[in-house]
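Data block below; observations after.
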Amino acid sequence: MTMTGAVLSLRDVKLDLKTPEGYVRILHDVSFDVAPGEIVGVVGESGSGKSMTALTVLQLLPPKARLTAAQIGFDGVDLATMPPRGLRGIRGKKIGMVFQDPMTTLDPVMQVGKQIDEAYRIHHPRAPRGEARAKTLQMLRLVGVPDAENRAKQYPHQWSGGMRQRAVIAMALVNDPRVIIADEPTTALDATIQAQVLDALIRARDELGVAVVLITHDLGIIAQVASRVVVMYAGRVVEVASTREIFADSRHPYSNALIESRPGAHRRGEPLTAIPGRPPLMADLPPGCPFAPRCASPFKSELCTAERPALELSDDGRLSACHYRNESQRMSA
Amino acid sequence: MSELLSVEDLTVHFTSRNFRGKRTIYAVDGVSFAVGENEAVGIIGESGCGKTTTGRAIVHLEDPTSGRIAYRGRDVTHPDAAARRAFNENVQFVFQDPMSSLNPRMTIEQIIAEPLRAFGRWGRKTGPERVGDLLEKVGLPREHRDRYPHEFSGGQRQRIGIARALALSPELLVLDEPVSALDVSVQAQVLNLLMDLRAEQSLAYIMISHDLDVIRHVTDRILVMYLGVIVESGPADEILDTPVHPYTAALVSATPPSSPDESRERIRLHGELPSAANPPSGCRFRTRCWRADEKCVNEVPQLAPLGDGSRRAACHHPLNIGMPLVRAEATV
């Protein structure tokens, strides 16, 4: 289960958030690894905990959040126990961030280039003049911004949505990070623009060797760019596998259900395989497997409602939180 | 199949004024198509192509600048109050965002009853009965009629919006991105519902979406829009498997694959969508097209029939018909 040489390694991350009804656990023993230069997809429905996992890695947690018994290994240190001072040297430097809406990252009244310069200079206070701009232009070109020199002098409102998102990626890359965490970076974009932004991430990986954690609800994007997938449900990792394995032979009924509910997986006009019901409330998880009430697997048994399956290896080395992890759960139409 | 709706040379122009003066935005600029009984037509294209404005103009949420909209042969472009009522009885709209299209202070029953009351079809006994039936039809328990919108999830709210649109038993639904705000699992439930309703009640649809997989799944015929005009139209499968217009080809190739085994030739489009206030001369796609030449600058390509006439494309240099873009079928 441990990967040697992982650049980022989450172990049993548990996160509790304060609600008016008291603390509610929203991440349950989240564990996965990211290898250097790898694109890992994290998928799940809204509320599955995928975005909170990203924020936990970066320790960008809401007030009174409680992170317990966790280990977040990065570059030989544990981010979970690191004091805020140390974290400031990692966030935006060794770990870059890209959020869904580029305008939450960009300052509307500052030139785009200056913002990227600033991101560099904050982590390189003694760098000579000109070095920051050179780096900025290098990154803007890398992510495919044409005429970077002139565009850098413009303001965000003069850039289109897809270009802004590329600027944010350039900003995340400017300090040569080892990992970029991208949370739904293309969700607000049109298909042709989405493809350009995904290209920018792939190029960053190819040319700079940066690892990318790509959080998305779109399995098509996973199929297109990720080599491995982490599937989350109700605050848990339910399956970790290579992209090929997930699509051909998934070992968790939820992964299969996500694949099967896409219109692209069916012939035209055929009824789609919807997942009945809705995800459980975090404060009120069913006993046993949290997916059991919605599970359509032929293997489902009494064990599923009685005992909660842990994320464990199957006999043939596949990682799944299903009691029937030795069986293929892939049921294609 | 007789014709239900026909749209001829529809234009919707908006005027925006600011300190620099007036400018005209050519949101929809000469769109013609027809929808038959029980037919499902999809309109695809990217933000700003005019697909939503076209849909809204059909149901009079936008005022057409010129052109003609006819319903069962009767002109409804600028209807008087009576004609508009009659039209609304037969054509209903489903909004994209189920959060903002349901009044948060009304119960579900009040929301679904509104069209019934407006058309004098609310009976003290039959009304609540009808609301219950509609809720069941969209897969919600009858008992939920006294609840408020905030008590429902996004997918359930979208179904309430559909139930309201069905209240008057319309013949045509115009659906604006009905599933784009929903998670895949819930999206599947709503799409199944739409397919069932169409089969049971012989409804016709105009579905507006940017999601090609969704459109391919539920519609028979597709219109591809770019910068206010239709660039290609025809049967859904044919258009998506063998696009003729370079823009359609680029759009199809940019759509994520359905599995990692599916190899797809990527066409990379350069540049951005030009402004609808100042569209390029000639072919509107020419600024991003790899096949564009002099002719494309000077001559506006017409939406001309190809082959047997079921397909049309507006391009001076169409791609070859019969060359599939998607090379491998999903093998999983």
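Going by the structure tokens order, chains are called A, B, ..., each with residues numbered from 1, while ligands are numbered from 1 in the order shown.
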Show which residues sit within 8 Å of Val35 (chain B), as a ChimeraX atom specification. Count only C-alpha atoms, and ignore same-chain residues fewer than 4 positions away.
/B:3-6,39-41,204,206
For the selection just defined, write its residues with N, CA and C atoms to a file, as a CSV table (one decimal), in the first residue's frame.
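Once everything was written out, this is out-v3.csv:
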chain,number,residue,atom,x,y,z
B,3,GLU,N,-45.1,18.7,-38.7
B,3,GLU,CA,-44.2,19.8,-38.2
B,3,GLU,C,-44.9,20.5,-37.0
B,4,LEU,N,-44.2,20.7,-35.9
B,4,LEU,CA,-44.7,21.3,-34.7
B,4,LEU,C,-44.3,22.8,-34.7
B,5,LEU,N,-43.0,22.9,-34.8
B,5,LEU,CA,-42.4,24.3,-34.6
B,5,LEU,C,-41.6,24.6,-35.8
B,6,SER,N,-41.7,25.8,-36.4
B,6,SER,CA,-40.7,26.1,-37.4
B,6,SER,C,-40.1,27.5,-37.1
B,39,GLU,N,-40.3,14.7,-31.8
B,39,GLU,CA,-38.9,14.7,-32.2
B,39,GLU,C,-38.1,15.3,-31.1
B,40,ALA,N,-36.9,14.9,-30.9
B,40,ALA,CA,-35.9,15.5,-30.0
B,40,ALA,C,-34.8,16.1,-30.7
B,41,VAL,N,-34.7,17.4,-30.7
B,41,VAL,CA,-33.7,18.2,-31.4
B,41,VAL,C,-32.7,18.7,-30.4
B,204,ALA,N,-42.2,16.4,-27.7
B,204,ALA,CA,-41.1,16.8,-28.5
B,204,ALA,C,-40.2,17.6,-27.6
B,206,ILE,N,-36.7,20.3,-27.5
B,206,ILE,CA,-35.5,21.0,-27.9
B,206,ILE,C,-34.5,21.0,-26.8
Show me which bits of chain B are within 8 Å of chain A, counting only C-alpha atoms, as an NGL selection string.
:B and (46-47 or 183-189 or 191-192 or 195 or 210 or 213-214 or 216-218 or 250-251 or 254-261 or 268-269 or 272 or 330 or 332)
Mind pulling up the distance from CA of Glu302 (chain A) to CA of Cys322 (chain A)?
12.9 Å
Any idea what the distance is between CA of Pro235 (chain B) and CA of Glu37 (chain B)?
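It comes out at 15.8 Å.
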Name all residues at most 9 Å from Ile44 (chain B) (count only C-alpha atoms; drop same-chain ones fewer than 4 positions away) and give them as a PyMOL selection string.
chain B and resi 49+51+207-212+215+222-226
Near region 81-90 of chain B, within 7 Å and counting only C-alpha atoms, which residues show up once chain neighbours fewer than 2 positions away are dropped, as a count of residues only?
6
Applying 12 Å and only C-alpha atoms, which residues near His28 (chain A) remain after dropping the ones on its own chain fewer than 6 positions away? List them as a ChimeraX atom specification.
/A:10-16,48-50,52-53,67-70,232-238,282,285,290,308,310-311,321
Can you spit out the residues from that selection as a compact mmCIF listing (two decimals), in the first residue's frame, using C-alpha atoms?
# COMPACT_ATOMS: atom_id res chain seq x y z
CA LEU A 10 -1.62 10.70 2.78
CA ARG A 11 -2.12 8.21 5.61
CA ASP A 12 -5.32 7.80 7.59
CA VAL A 13 -6.31 11.42 7.29
CA LYS A 14 -9.31 12.10 9.50
CA LEU A 15 -10.96 15.48 9.47
CA ASP A 16 -13.76 16.74 11.69
CA SER A 48 -17.65 13.07 -1.35
CA GLY A 49 -14.80 14.94 0.33
CA LYS A 50 -12.53 15.37 -2.68
CA MET A 52 -11.70 18.89 1.45
CA THR A 53 -8.91 16.38 0.88
CA LEU A 67 -7.32 16.99 11.90
CA THR A 68 -6.59 13.81 13.84
CA ALA A 69 -4.21 10.88 13.71
CA ALA A 70 -3.16 11.87 10.26
CA MET A 232 -14.00 8.85 -3.06
CA TYR A 233 -17.42 8.29 -1.56
CA ALA A 234 -18.87 9.77 1.63
CA GLY A 235 -15.51 11.02 2.87
CA ARG A 236 -13.69 7.75 2.19
CA VAL A 237 -11.35 6.46 -0.45
CA VAL A 238 -13.20 3.46 -1.86
CA MET A 282 -21.93 12.73 6.90
CA LEU A 285 -23.74 7.32 8.08
CA PRO A 290 -21.70 3.61 3.37
CA ARG A 308 -17.75 -1.61 7.27
CA ALA A 310 -11.71 -1.04 4.97
CA LEU A 311 -9.52 0.03 2.07
CA ALA A 321 -12.99 -0.77 0.22
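Interatomic distance, CA of Ile239 (chain B) to CA of Arg311 (chain B): 8.1 Å.
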If you run DSSP on this backbone, which residues of region 272-327 of chain B come out as alpha helix (DSSP H), and could you give them as a PyMOL selection string?
chain B and resi 294-298
Per-residue nearest contacts region 207-260 of chain B to region 290-298 of chain B, cut-off 12 Å, using only C-alpha atoms, as a Markdown table:
| residue | atom | partner | partner_atom | distance |
| --- | --- | --- | --- | --- |
| B:His245 | CA | B:Arg291 | CA | 10.3 |
| B:Pro246 | CA | B:Arg291 | CA | 7.9 |
| B:Tyr247 | CA | B:Trp290 | CA | 9.9 |
| B:Ala249 | CA | B:Trp290 | CA | 11.6 |
| B:Ala250 | CA | B:Trp290 | CA | 10.4 |
Keeping only C-alpha atoms, write the selected residues to a file as a PDB file, in the first residue's frame.
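Written file, part-v6.pdb:
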ATOM      1  CA  HIS B 245     -17.931  21.257 -40.558  1.00  0.00           C
ATOM      2  CA  PRO B 246     -14.434  21.816 -39.135  1.00  0.00           C
ATOM      3  CA  TYR B 247     -15.909  23.436 -36.018  1.00  0.00           C
ATOM      4  CA  ALA B 249     -15.000  18.192 -35.788  1.00  0.00           C
ATOM      5  CA  ALA B 250     -12.997  20.283 -33.326  1.00  0.00           C
TER       6      ALA B 250
END
Every residue of region 53-158 of chain A that DSSP places in strand (DSSP E or B), as a list in words
Arg66, Leu67, Thr68, Gln71, Ile72, Gly73, Phe74, Val77, Asp78, Arg91, Ile95, Gly96, Met97 and Val98 of chain A
Neighbours of region 125-138 of chain B within 12 Å (only C-alpha atoms; same-chain residues fewer than 6 positions away dropped), as a PyMOL selection string?
chain B and resi 107-117+119+144-146+155-169+189-197+200-201
For region 128-131 of chain A, please output as number ranges by chain all residues within 12 Å (counting only C-alpha atoms; exclusion window: fewer than 5 positions along the same chain).
A: 114, 116-118, 120-121, 136-138, 174-175
Could you turn the residues from that selection into a file that holds C-alpha atoms, as a compact mmCIF listing (two decimals), in the first residue's frame?
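In the end it all went to part_10.txt:
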# COMPACT_ATOMS: atom_id res chain seq x y z
CA LYS A 114 2.90 41.27 -12.02
CA ILE A 116 2.89 35.92 -11.28
CA ASP A 117 6.09 37.90 -10.59
CA GLU A 118 4.84 38.48 -7.08
CA TYR A 120 7.84 34.19 -7.46
CA ARG A 121 9.34 37.05 -5.49
CA THR A 136 6.86 34.45 -15.47
CA LEU A 137 7.21 34.63 -19.25
CA GLN A 138 8.73 31.17 -19.37
CA VAL A 174 6.48 29.61 -11.22
CA ASN A 175 8.26 28.35 -8.09
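Residue nearest Pro298 (chain A) within the list A:Gly317, A:His252, A:Gly22, A:Pro156: A:His252 [criterion: smallest interatomic distance, only C-alpha atoms].
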